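Containing CSV, C-alpha atoms and all ligand atoms: run-v1.csv.
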```csv
chain,number,residue,atom,x,y,z
A,99,MET,CA,0.0,0.0,0.0
A,100,PHE,CA,1.4,3.4,-1.0
A,101,CYS,CA,-0.6,6.3,0.3
A,102,HIS,CA,-0.7,10.0,0.6
A,103,ILE,CA,-2.0,11.5,3.9
A,104,VAL,CA,-2.6,15.2,4.1
A,105,ALA,CA,-4.7,17.8,6.0
A,106,THR,CA,-5.7,20.9,3.9
A,107,GLN,CA,-7.8,24.0,4.0
A,108,ALA,CA,-10.5,24.4,1.4
A,109,ASP,CA,-7.9,26.3,-0.7
A,110,GLY,CA,-5.4,23.5,-0.5
A,111,GLY,CA,-3.2,25.2,2.0
A,112,ILE,CA,-1.2,22.8,4.2
A,113,GLY,CA,1.5,24.9,5.8
A,114,LEU,CA,3.0,28.3,6.7
A,115,ASN,CA,6.6,29.1,7.7
A,116,GLY,CA,7.5,25.4,8.1
A,117,ASN,CA,4.6,24.6,10.4
A,118,LEU,CA,1.1,23.0,10.1
A,119,LEU,CA,-1.7,25.5,9.7
A,120,HIS,CA,-4.1,23.7,12.0
A,121,ARG,CA,-3.6,21.2,14.8
A,122,ASP,CA,-6.8,19.2,15.1
A,123,ARG,CA,-6.9,16.6,17.8
A,124,GLU,CA,-9.2,14.2,15.8
A,125,ASP,CA,-7.1,14.6,12.7
A,126,LEU,CA,-3.8,14.1,14.5
A,127,LYS,CA,-5.3,10.9,16.0
A,128,PHE,CA,-6.4,9.8,12.5
A,129,PHE,CA,-2.9,10.5,11.2
A,130,ALA,CA,-1.3,8.6,14.1
A,131,GLU,CA,-3.5,5.5,13.6
A,132,LYS,CA,-3.0,5.4,9.8
A,133,THR,CA,0.8,5.8,9.9
A,134,ARG,CA,1.4,3.5,12.9
A,135,ASN,CA,4.4,1.2,12.0
A,136,ALA,CA,4.5,2.6,8.5
A,137,ILE,CA,7.3,3.8,6.4
A,138,VAL,CA,6.8,7.6,6.2
A,139,LEU,CA,8.3,9.4,3.2
A,140,MET,CA,8.8,13.2,3.3
A,141,GLY,CA,10.8,16.2,2.1
A,142,ARG,CA,13.5,17.7,4.2
A,143,LYS,CA,11.4,20.6,5.5
A,144,THR,CA,8.6,18.3,6.7
A,145,TYR,CA,11.2,16.2,8.4
A,146,GLU,CA,12.6,19.2,10.2
A,147,SER,CA,9.1,20.2,11.3
A,148,LEU,CA,8.7,16.9,13.3
A,149,PRO,CA,9.4,16.7,17.0
A,150,PRO,CA,13.0,15.8,17.9
A,151,GLY,CA,13.5,12.1,17.2
A,152,GLY,CA,10.6,12.0,14.7
A,153,LEU,CA,7.4,10.0,14.9
A,154,VAL,CA,7.7,7.0,17.3
A,155,GLY,CA,7.5,3.6,15.6
A,156,ARG,CA,7.7,4.8,12.0
A,157,ILE,CA,10.6,4.4,9.6
A,158,HIS,CA,11.5,7.9,8.3
A,159,VAL,CA,12.7,8.3,4.7
A,160,VAL,CA,13.7,11.8,3.7
A,161,VAL,CA,14.4,13.4,0.3
A,162,SER,CA,17.1,16.1,0.3
A,163,LYS,CA,20.1,17.3,-1.6
A,164,THR,CA,21.5,19.2,1.3
A,165,ILE,CA,21.4,16.8,4.3
A,166,GLN,CA,22.8,13.4,4.8
A,167,GLY,CA,21.8,10.3,6.8
A,168,ALA,CA,21.1,6.6,6.6
A,169,LEU,CA,17.6,7.0,5.0
A,170,VAL,CA,18.1,10.3,3.1
A,171,PHE,CA,17.9,10.1,-0.7
A,172,ASP,CA,18.8,12.9,-3.1
A,173,THR,CA,16.0,12.1,-5.5
A,174,VAL,CA,12.3,11.2,-5.0
A,175,GLU,CA,12.7,8.2,-7.3
A,176,LYS,CA,15.5,6.6,-5.2
A,177,ALA,CA,13.5,7.2,-2.1
A,178,VAL,CA,10.3,5.7,-3.7
A,179,ARG,CA,12.3,2.6,-4.8
A,180,TRP,CA,13.7,2.1,-1.3
A,181,CYS,CA,10.2,2.5,0.2
A,182,ILE,CA,8.4,0.1,-2.2
A,183,THR,CA,11.0,-2.7,-1.8
A,184,ARG,CA,11.1,-2.4,2.0
A,185,SER,CA,7.3,-2.1,2.2
A,186,LYS,CA,7.1,-5.6,0.7
A,187,LEU,CA,10.0,-6.9,2.7
A,188,TYR,CA,8.8,-5.6,6.1
A,189,ASN,CA,5.0,-5.8,5.2
A,190,ARG,CA,4.5,-2.2,6.2
A,191,PRO,CA,2.6,0.4,4.2
A,192,VAL,CA,4.2,3.6,2.8
A,193,TYR,CA,2.7,6.9,3.7
A,194,VAL,CA,3.9,10.1,1.9
A,195,ILE,CA,3.5,12.9,4.5
A,196,GLY,CA,4.6,15.9,2.5
A,197,GLY,CA,5.4,18.5,1.3
A,198,THR,CA,4.2,19.8,-2.0
A,199,GLU,CA,6.9,18.5,-4.4
A,200,ILE,CA,7.0,15.1,-2.7
A,201,TYR,CA,3.3,14.7,-3.0
A,202,ARG,CA,3.3,15.9,-6.6
A,203,ALA,CA,6.1,13.5,-7.7
A,204,THR,CA,4.6,10.4,-6.0
A,205,PHE,CA,1.1,10.5,-7.4
A,206,PRO,CA,2.0,7.8,-10.0
A,207,TYR,CA,3.0,5.3,-7.3
A,208,THR,CA,0.1,6.2,-5.0
A,209,THR,CA,-2.8,3.8,-4.5
A,210,THR,CA,-4.8,5.7,-2.0
A,211,ILE,CA,-5.0,9.3,-0.8
A,212,PHE,CA,-6.4,10.2,2.7
A,213,LYS,CA,-7.2,13.9,2.6
A,214,THR,CA,-8.7,15.8,5.5
A,215,VAL,CA,-10.3,19.1,4.6
A,216,PHE,CA,-10.9,21.8,7.2
A,217,HIS,CA,-13.8,23.7,5.5
A,218,ASP,CA,-14.5,26.0,8.4
A,219,ARG,CA,-10.9,27.2,9.1
A,220,HIS,CA,-8.7,29.5,7.0
A,221,LYS,CA,-5.2,30.9,7.5
A,222,GLU,CA,-2.7,32.4,5.2
A,223,ALA,CA,-0.6,29.6,3.7
A,224,ASP,CA,2.7,29.4,1.8
A,225,THR,CA,2.5,25.6,1.0
A,226,PHE,CA,-0.3,23.8,-0.8
A,227,TYR,CA,-1.3,20.3,-1.7
A,228,PRO,CA,-1.2,19.8,-5.4
A,229,GLU,CA,-4.3,19.2,-7.6
A,230,ILE,CA,-5.2,15.5,-7.5
A,231,PRO,CA,-4.8,14.0,-11.0
A,232,ASP,CA,-7.9,12.8,-12.9
A,233,ASN,CA,-7.1,9.1,-12.5
A,234,PHE,CA,-8.0,9.3,-8.9
A,235,ILE,CA,-11.6,8.9,-7.8
A,236,MET,CA,-13.2,9.7,-4.5
A,237,ILE,CA,-14.5,6.5,-2.9
A,238,HIS,CA,-15.4,7.6,0.6
A,239,THR,CA,-16.2,10.8,2.4
A,240,LYS,CA,-17.2,11.5,6.0
A,241,GLY,CA,-17.9,14.7,7.9
A,242,THR,CA,-18.9,18.2,6.9
A,243,ASN,CA,-16.9,21.0,8.6
A,244,THR,CA,-13.9,18.6,8.9
A,245,GLN,CA,-14.2,16.2,5.9
A,246,TYR,CA,-12.3,13.0,5.7
A,247,VAL,CA,-12.0,12.0,2.0
A,248,GLU,CA,-10.4,8.8,0.5
A,249,TYR,CA,-9.4,8.6,-3.1
A,250,VAL,CA,-8.1,5.6,-5.0
A,251,ASN,CA,-5.9,5.5,-8.2
A,252,LEU,CA,-7.9,3.9,-11.0
A,253,ASP,CA,-4.6,3.0,-12.9
A,254,HIS,CA,-3.6,1.0,-9.9
A,255,LEU,CA,-7.0,-0.8,-9.7
A,256,SER,CA,-6.8,-1.6,-13.4
A,257,GLY,CA,-3.3,-2.9,-13.2
A,258,GLN,CA,-1.7,-0.1,-15.3
A,259,PRO,CA,2.0,0.3,-14.8
A,260,SER,CA,2.0,3.8,-13.2
A,261,HIS,CA,2.7,2.5,-9.7
A,262,HIS,CA,5.6,0.3,-10.8
A,263,LEU,CA,9.1,1.0,-9.4
A,264,PRO,CA,10.7,4.1,-10.8
A,301,LIG,N1,-1.0,19.7,6.4
A,301,LIG,C1,-0.3,18.7,6.1
A,301,LIG,O1,-0.8,17.6,6.0
A,301,LIG,C2,1.2,18.8,5.9
A,301,LIG,C3,1.9,17.7,5.5
A,301,LIG,C4,3.3,17.9,5.3
A,301,LIG,C5,3.9,19.2,5.4
A,301,LIG,N2,3.1,20.2,5.8
A,301,LIG,C6,3.7,21.5,5.9
A,301,LIG,O2,4.3,21.8,4.6
A,301,LIG,C7,5.5,22.6,4.8
A,301,LIG,C8,6.7,21.8,4.3
A,301,LIG,O3,6.5,21.4,3.0
A,301,LIG,P1,7.3,21.9,1.7
A,301,LIG,O4,6.7,21.6,0.5
A,301,LIG,O5,7.6,23.4,2.0
A,301,LIG,O6,8.7,21.2,1.9
A,301,LIG,P2,9.2,19.6,1.9
A,301,LIG,O7,8.7,19.0,0.7
A,301,LIG,O8,8.8,19.0,3.2
A,301,LIG,O9,10.7,19.8,1.9
A,301,LIG,C9,11.3,20.5,0.8
A,301,LIG,C10,12.7,20.0,0.6
A,301,LIG,O10,12.7,18.6,0.3
A,301,LIG,C11,13.7,18.3,-0.6
A,301,LIG,N3,13.1,18.0,-1.9
A,301,LIG,C12,11.9,18.2,-2.4
A,301,LIG,N4,11.7,17.8,-3.6
A,301,LIG,C13,12.9,17.2,-4.0
A,301,LIG,C14,13.4,16.6,-5.1
A,301,LIG,N5,12.6,16.4,-6.2
A,301,LIG,N6,14.7,16.2,-5.1
A,301,LIG,C15,15.5,16.3,-4.1
A,301,LIG,N7,15.1,17.0,-2.9
A,301,LIG,C16,13.8,17.4,-2.9
A,301,LIG,C17,14.5,19.6,-0.7
A,301,LIG,O11,15.4,19.5,0.4
A,301,LIG,P3,16.9,20.2,0.4
A,301,LIG,O12,16.6,21.7,0.3
A,301,LIG,O13,17.5,19.8,1.6
A,301,LIG,O14,17.6,19.7,-0.9
A,301,LIG,C18,13.5,20.7,-0.5
A,301,LIG,O15,14.0,21.9,0.0
A,301,LIG,C19,5.6,22.8,6.3
A,301,LIG,O16,4.9,24.1,6.6
A,301,LIG,C20,4.8,21.7,6.9
A,301,LIG,O17,4.3,21.9,8.2
A,301,LIG,C21,1.8,20.1,6.0
```
Show how you would write the structure in this file as structure tokens.
Ligand SMILES: NC(=O)c1ccc[n+]([C@@H]2O[C@H](COP(=O)([O-])OP(=O)(O)OC[C@H]3O[C@@H](n4cnc5c(N)ncnc54)[C@H](OP(=O)(O)O)[C@@H]3O)[C@@H](O)[C@H]2O)c1
Amino acid sequence: MFCHIVATQADGGIGLNGNLLHRDREDLKFFAEKTRNAIVLMGRKTYESLPPGGLVGRIHVVVSKTIQGALVFDTVEKAVRWCITRSKLYNRPVYVIGGTEIYRATFPYTTTIFKTVFHDRHKEADTFYPEIPDNFIMIHTKGTNTQYVEYVNLDHLSGQPSHHLP
């Protein structure tokens, strides 16, 4: 399973000055449950926004050309390849947790998107979730002011090669 998980405003805003826009207890619980024991893939700025030591119990994979580390890759493709092979080996899902360019570059490999939309909250944002490509369809939605939406990739369902290793 290769997923995106993201919390946005209605305008797609996800962050400002390196921080989340909204800290919603229910949504953070949803995030924690979904990503428990997962491989979490992220850009360097999202990694730096996490608490020291990162997220307990998850394997952190970071994309960066400026920092180094055991699980830091200098291209998204190398990071995705590592995540997909280890996902099979360790039987753990992969969750892409941001930011913008990492989400954008990983749509082709993504089977499922979990998007939370805060319709009743708005702040200035400098970081946005990209437009979801047409080959994704919404299969589940719950809630009104805070809407939990799940999308699946039709190419993946129909066995097209878009999710194959880069
Ligand atoms: N609401 C949410 O669900 C959510 C989720 C995630 C993040 N956020 C927010 O979004 C913001 C961070 O996201 P962001 O988009 O600004 O940054 P980001 O994707 O987390 O990090 C950007 C950095 O990742 C590396 N990177 C990205 N694409 C790359 C590529 N193709 N090849 C090599 N390296 C690449 C680069 O690191 P180097 O500069 O080191 O090379 C780049 O500067 C924060 O405000 C965070 O709180 C919100």
Residues within 9 Å of segment 114-126 of chain A, please, as a ChimeraX atom specification. Count only C-alpha atoms; anything in the same chain fewer than 6 positions from it doesn't count. /A:105-107,143-144,146-147,214,216,219-225,244,246
One number please: atom CA of Phe128 of chain A to atom CA of Ala177 of chain A, in Å, one decimal. 24.8 Å
Using all atoms listed in the file for the distances, tell me which of A:Ile200, A:Ala130, A:Val194, A:Val154 is nearest to ligand LIG 301 (chain A). A:Ile200
Between A:Glu199, A:Phe100, A:Val178, A:Leu148, which is the closest to ligand LIG 301 (chain A) once you count all atoms listed in the file?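 Closest candidate: A:Glu199.
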Nearest candidate to Lys132 of chain A (options A:Tyr193, A:Val159, A:Gly113, A:Thr183; using all atoms listed in the file):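 Checking each of A:Tyr193, A:Val159, A:Gly113, A:Thr183 against Lys132 of chain A, counting all atoms listed in the file, the winner is A:Tyr193.
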May I ask which of the residues A:Asn243, A:Ser185, A:Thr173, A:Thr209 is the closest one to ligand LIG 301 (chain A), counting only C-alpha atoms and all ligand atoms?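 Of A:Asn243, A:Ser185, A:Thr173, A:Thr209, the one nearest ligand LIG 301 (chain A) is A:Thr173, counting only C-alpha atoms and all ligand atoms.
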Between A:Asp253, A:Asp172, A:Glu229, A:Asp218, which residue has the minimum interatomic distance to ligand LIG 301 (chain A), considering all atoms listed in the file?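 Closest to ligand LIG 301 (chain A) of all the choices is A:Asp172.
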Need to verify the contact set: Phe171 of chain A, 8 Å, only C-alpha atoms, exclusion of same-chain residues closer than 2 positions in sequence. Can you return it as a PyMOL selection string? chain A and resi 159-163+169+173-174+176-177
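One finds atom CA of Gly197 of chain A at 19.3 Å from atom CA of Met99 of chain A.
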Restricting the calculation to only C-alpha atoms, which member of A:Thr198, A:Thr204, A:Asn233, A:Thr210 is positioned closest to Val250 of chain A?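 Closest to Val250 of chain A, using only C-alpha atoms: A:Thr210.
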